[in-house]
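In what follows, a single structure is set out as structure tokens and then discussed.
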Amino acid sequence: AKSPCLYKKSQHFSEWRSRYAFVSAGHLYLSRSPDPKKASTEVPLTAVGTQIVLHGGASAETFPPTIVRVHSADVEAAGSTPTGRKRLPPNRWQFTIRNEANELLCPNEAQVLELCAYSSEARDAWVRLLVGAIQEARVASFAMPPAVKPEEWGREALISQGFVGDHSAVRYEAALESFVARFDG
């Protein structure tokens, strides 16, 4: 769990405000107070539905491309406020966390959270921490059960609730990455 501040872009006024940030139990929490129990924003870091987009240039580190990508447009192309004035980030070390909505075993709403770190090193440290939490979720989600003897087929139940119909390439890539990570160990 990391606790220094990040800047968070408010959704209503598009202003950048300093917030305390914490990663715990597969979630990112943001709070006005250093007390993690008073978090005002909670973002689940899911196995497949969470993606991180880097703005303001590539990282010095290499992150899994199924989790992190670099935005090609300049960070100054940020959205404008209702009055038409642009609210630029405090610096160029911005990143966005995007969560797809899902109705599966652990339902969550779609979320877009725009954040900004104090430096490139701080952004990389936060992204590394977030990627670690997402990879932990992948290992838990894509655990391979032991083989079942053919004569016991049909006696095992698989809770899928939508997984069977989801054949997205990202889900397969995420599963393969988690299996490789388990063997590289």
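In the structure tokens, chains take letters A, B, ... by order of appearance, with residues numbered from 1 within each chain and ligands from 1 in the order shown.
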
(message) Give me, as a VMD selection string, all polymer residues having an atom no more than 12 Å from Leu6 (chain A), counting only C-alpha atoms and skipping those fewer than 2 positions away in the same chain.
(response) chain A and resid 2 to 4 8 to 9 16 to 22 28 to 32 89 to 91 93 to 95 113 to 119 122 to 123 125 to 127

Output file for the selection above: N, CA and C atoms, as a compact mmCIF listing (two decimals), in the first residue's frame:
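File out.txt, as written:
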# COMPACT_ATOMS: atom_id res chain seq x y z
N LYS A 2 0.66 2.07 -0.96
CA LYS A 2 1.43 3.30 -1.12
C LYS A 2 0.57 4.43 -0.60
N SER A 3 1.17 5.48 -0.03
CA SER A 3 0.31 6.50 0.51
C SER A 3 0.64 7.94 0.14
N PRO A 4 1.68 8.29 -0.60
CA PRO A 4 1.82 9.68 -1.01
C PRO A 4 0.69 10.11 -1.93
N LYS A 8 -5.84 14.09 -8.80
CA LYS A 8 -7.01 13.45 -9.42
C LYS A 8 -7.82 14.55 -10.11
N LYS A 9 -8.23 14.28 -11.34
CA LYS A 9 -9.06 15.23 -12.07
C LYS A 9 -10.51 15.01 -11.67
N TRP A 16 -7.83 19.72 -11.14
CA TRP A 16 -6.88 18.75 -10.62
C TRP A 16 -6.69 19.01 -9.13
N ARG A 17 -6.96 17.99 -8.31
CA ARG A 17 -6.89 18.12 -6.86
C ARG A 17 -5.98 17.04 -6.29
N SER A 18 -5.20 17.42 -5.30
CA SER A 18 -4.30 16.48 -4.65
C SER A 18 -5.10 15.53 -3.76
N ARG A 19 -4.79 14.23 -3.85
CA ARG A 19 -5.46 13.21 -3.05
C ARG A 19 -4.43 12.21 -2.53
N TYR A 20 -4.71 11.67 -1.35
CA TYR A 20 -3.92 10.56 -0.84
C TYR A 20 -4.38 9.31 -1.59
N ALA A 21 -3.46 8.44 -1.90
CA ALA A 21 -3.80 7.23 -2.66
C ALA A 21 -3.27 6.00 -1.94
N PHE A 22 -4.06 4.93 -2.01
CA PHE A 22 -3.73 3.67 -1.34
C PHE A 22 -4.15 2.52 -2.24
N LEU A 28 -7.84 0.50 -5.77
CA LEU A 28 -7.17 1.78 -5.58
C LEU A 28 -8.16 2.68 -4.85
N TYR A 29 -7.71 3.26 -3.74
CA TYR A 29 -8.54 4.16 -2.96
C TYR A 29 -7.91 5.55 -2.98
N LEU A 30 -8.75 6.58 -3.12
CA LEU A 30 -8.30 7.96 -3.08
C LEU A 30 -9.08 8.68 -1.98
N SER A 31 -8.36 9.54 -1.24
CA SER A 31 -8.97 10.19 -0.09
C SER A 31 -8.41 11.60 0.07
N ARG A 32 -9.21 12.50 0.64
CA ARG A 32 -8.74 13.84 0.98
C ARG A 32 -7.87 13.80 2.24
N PRO A 89 -3.33 19.27 -16.81
CA PRO A 89 -2.77 18.60 -15.65
C PRO A 89 -1.62 19.43 -15.06
N PRO A 90 -1.28 19.21 -13.79
CA PRO A 90 -0.22 19.98 -13.16
C PRO A 90 1.15 19.77 -13.82
N ASN A 91 1.34 18.64 -14.46
CA ASN A 91 2.58 18.34 -15.18
C ASN A 91 2.28 17.28 -16.22
N TRP A 93 3.06 14.04 -16.26
CA TRP A 93 3.11 12.65 -15.81
C TRP A 93 1.72 12.12 -15.46
N GLN A 94 0.82 12.28 -16.41
CA GLN A 94 -0.57 11.88 -16.25
C GLN A 94 -0.75 10.42 -16.65
N PHE A 95 -1.73 9.75 -16.02
CA PHE A 95 -2.14 8.41 -16.46
C PHE A 95 -3.63 8.25 -16.17
N LEU A 113 -10.73 7.18 -14.56
CA LEU A 113 -10.12 7.99 -13.52
C LEU A 113 -8.84 8.59 -14.06
N GLU A 114 -8.77 9.91 -14.12
CA GLU A 114 -7.57 10.59 -14.61
C GLU A 114 -6.73 11.02 -13.42
N LEU A 115 -5.47 10.58 -13.43
CA LEU A 115 -4.55 10.86 -12.34
C LEU A 115 -3.27 11.48 -12.89
N CYS A 116 -2.51 12.11 -12.00
CA CYS A 116 -1.24 12.70 -12.39
C CYS A 116 -0.28 12.56 -11.22
N ALA A 117 0.92 12.09 -11.49
CA ALA A 117 1.94 11.93 -10.45
C ALA A 117 2.84 13.16 -10.43
N TYR A 118 3.69 13.24 -9.42
CA TYR A 118 4.57 14.40 -9.26
C TYR A 118 5.80 14.35 -10.14
N SER A 119 6.15 13.16 -10.63
CA SER A 119 7.35 13.00 -11.46
C SER A 119 7.22 11.73 -12.29
N ALA A 122 7.66 8.80 -9.97
CA ALA A 122 6.47 8.53 -9.16
C ALA A 122 5.39 7.86 -10.01
N ARG A 123 5.22 8.34 -11.25
CA ARG A 123 4.22 7.71 -12.14
C ARG A 123 4.59 6.25 -12.37
N ALA A 125 6.34 4.29 -10.46
CA ALA A 125 6.14 3.54 -9.21
C ALA A 125 4.66 3.21 -9.01
N TRP A 126 3.79 4.18 -9.27
CA TRP A 126 2.35 3.93 -9.14
C TRP A 126 1.88 2.91 -10.16
N VAL A 127 2.31 3.05 -11.39
CA VAL A 127 1.89 2.10 -12.43
C VAL A 127 2.39 0.70 -12.09

(request) Quote the spacing between CA of Glu42 (chain A) and CA of Val23 (chain A) in Å to one decimal place. (result)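 Separation of CA of Glu42 (chain A) and CA of Val23 (chain A): 9.7 Å.
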
(request) Work out how far apart CA of Leu88 (chain A) and CA of Val112 (chain A) are and give it in Å to one decimal. (result) 16.9 Å

(request) Kindly indicate which residue among A:Asp35, A:Asp124, A:Glu100, A:Glu15 lies nearest to Gly57 (chain A), using only C-alpha atoms for the distances. (result) A:Asp124

Residues within 10 Å of Gln135 (chain A), please, as a CSV table (one decimal) with N, CA and C atoms, in the first residue's frame. Count only C-alpha atoms; anything in the same chain fewer than 2 positions from it doesn't count.
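Saved file selection_29.csv follows:
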chain,number,residue,atom,x,y,z
A,26,GLY,N,-6.8,-5.4,-3.9
A,26,GLY,CA,-7.2,-5.3,-5.3
A,26,GLY,C,-8.0,-4.1,-5.7
A,45,LEU,N,-9.3,-3.0,-9.3
A,45,LEU,CA,-8.3,-3.4,-10.2
A,45,LEU,C,-8.5,-4.8,-10.7
A,46,THR,N,-9.2,-5.0,-11.8
A,46,THR,CA,-9.7,-6.3,-12.2
A,46,THR,C,-8.8,-7.0,-13.2
A,47,ALA,N,-9.0,-8.3,-13.3
A,47,ALA,CA,-8.1,-9.2,-14.1
A,47,ALA,C,-8.0,-8.7,-15.5
A,48,VAL,N,-9.2,-8.4,-16.2
A,48,VAL,CA,-9.2,-8.1,-17.6
A,48,VAL,C,-9.8,-6.8,-17.9
A,64,PRO,N,3.3,-4.8,-19.1
A,64,PRO,CA,2.6,-5.7,-19.9
A,64,PRO,C,1.6,-4.9,-20.9
A,67,ILE,N,-2.1,-4.6,-20.2
A,67,ILE,CA,-2.5,-3.8,-19.0
A,67,ILE,C,-2.2,-2.3,-19.3
A,129,LEU,N,2.9,-0.5,-9.1
A,129,LEU,CA,2.0,-1.0,-8.0
A,129,LEU,C,0.7,-1.5,-8.5
A,130,LEU,N,0.1,-0.7,-9.4
A,130,LEU,CA,-1.2,-1.0,-10.0
A,130,LEU,C,-1.2,-2.2,-10.9
A,131,VAL,N,-0.1,-2.3,-11.7
A,131,VAL,CA,0.1,-3.5,-12.5
A,131,VAL,C,0.2,-4.8,-11.6
A,132,GLY,N,1.0,-4.7,-10.5
A,132,GLY,CA,1.1,-5.8,-9.6
A,132,GLY,C,-0.2,-6.3,-9.1
A,133,ALA,N,-1.1,-5.3,-8.7
A,133,ALA,CA,-2.4,-5.7,-8.2
A,133,ALA,C,-3.3,-6.3,-9.3
A,137,ALA,N,-4.8,-10.2,-9.5
A,137,ALA,CA,-6.2,-10.6,-9.9
A,137,ALA,C,-6.2,-11.6,-11.0
A,138,ARG,N,-5.3,-11.4,-11.9
A,138,ARG,CA,-5.2,-12.4,-13.1
A,138,ARG,C,-4.8,-13.8,-12.6
A,139,VAL,N,-3.8,-13.9,-11.7
A,139,VAL,CA,-3.4,-15.2,-11.2
A,139,VAL,C,-4.6,-15.9,-10.5
A,140,ALA,N,-5.3,-15.1,-9.7
A,140,ALA,CA,-6.4,-15.7,-9.0
A,140,ALA,C,-7.6,-16.0,-9.9
A,141,SER,N,-7.8,-15.2,-11.0
A,141,SER,CA,-8.9,-15.5,-11.9
A,141,SER,C,-8.7,-16.6,-12.9
A,174,ALA,N,-4.4,-12.3,-21.3
A,174,ALA,CA,-4.3,-12.1,-19.8
A,174,ALA,C,-4.1,-13.5,-19.2
A,177,GLU,N,-0.6,-14.7,-20.0
A,177,GLU,CA,0.4,-14.0,-19.1
A,177,GLU,C,0.4,-14.5,-17.7
A,178,SER,N,-0.8,-14.8,-17.1
A,178,SER,CA,-0.8,-15.3,-15.7
A,178,SER,C,-0.2,-16.7,-15.6
A,181,ALA,N,3.6,-16.3,-15.9
A,181,ALA,CA,4.1,-15.7,-14.6
A,181,ALA,C,4.2,-16.8,-13.5

(message) Please extract the residues of region 24-140 of chain A with a backbone DSSP assignment of strand (DSSP E) and present them as a ChimeraX atom specification.
(response) /A:24,27-31,41-44,50-54,68-70,94-99,111-116

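Interatomic distance, CA of Asn102 (chain A) to CA of Val68 (chain A): 19.7 Å.
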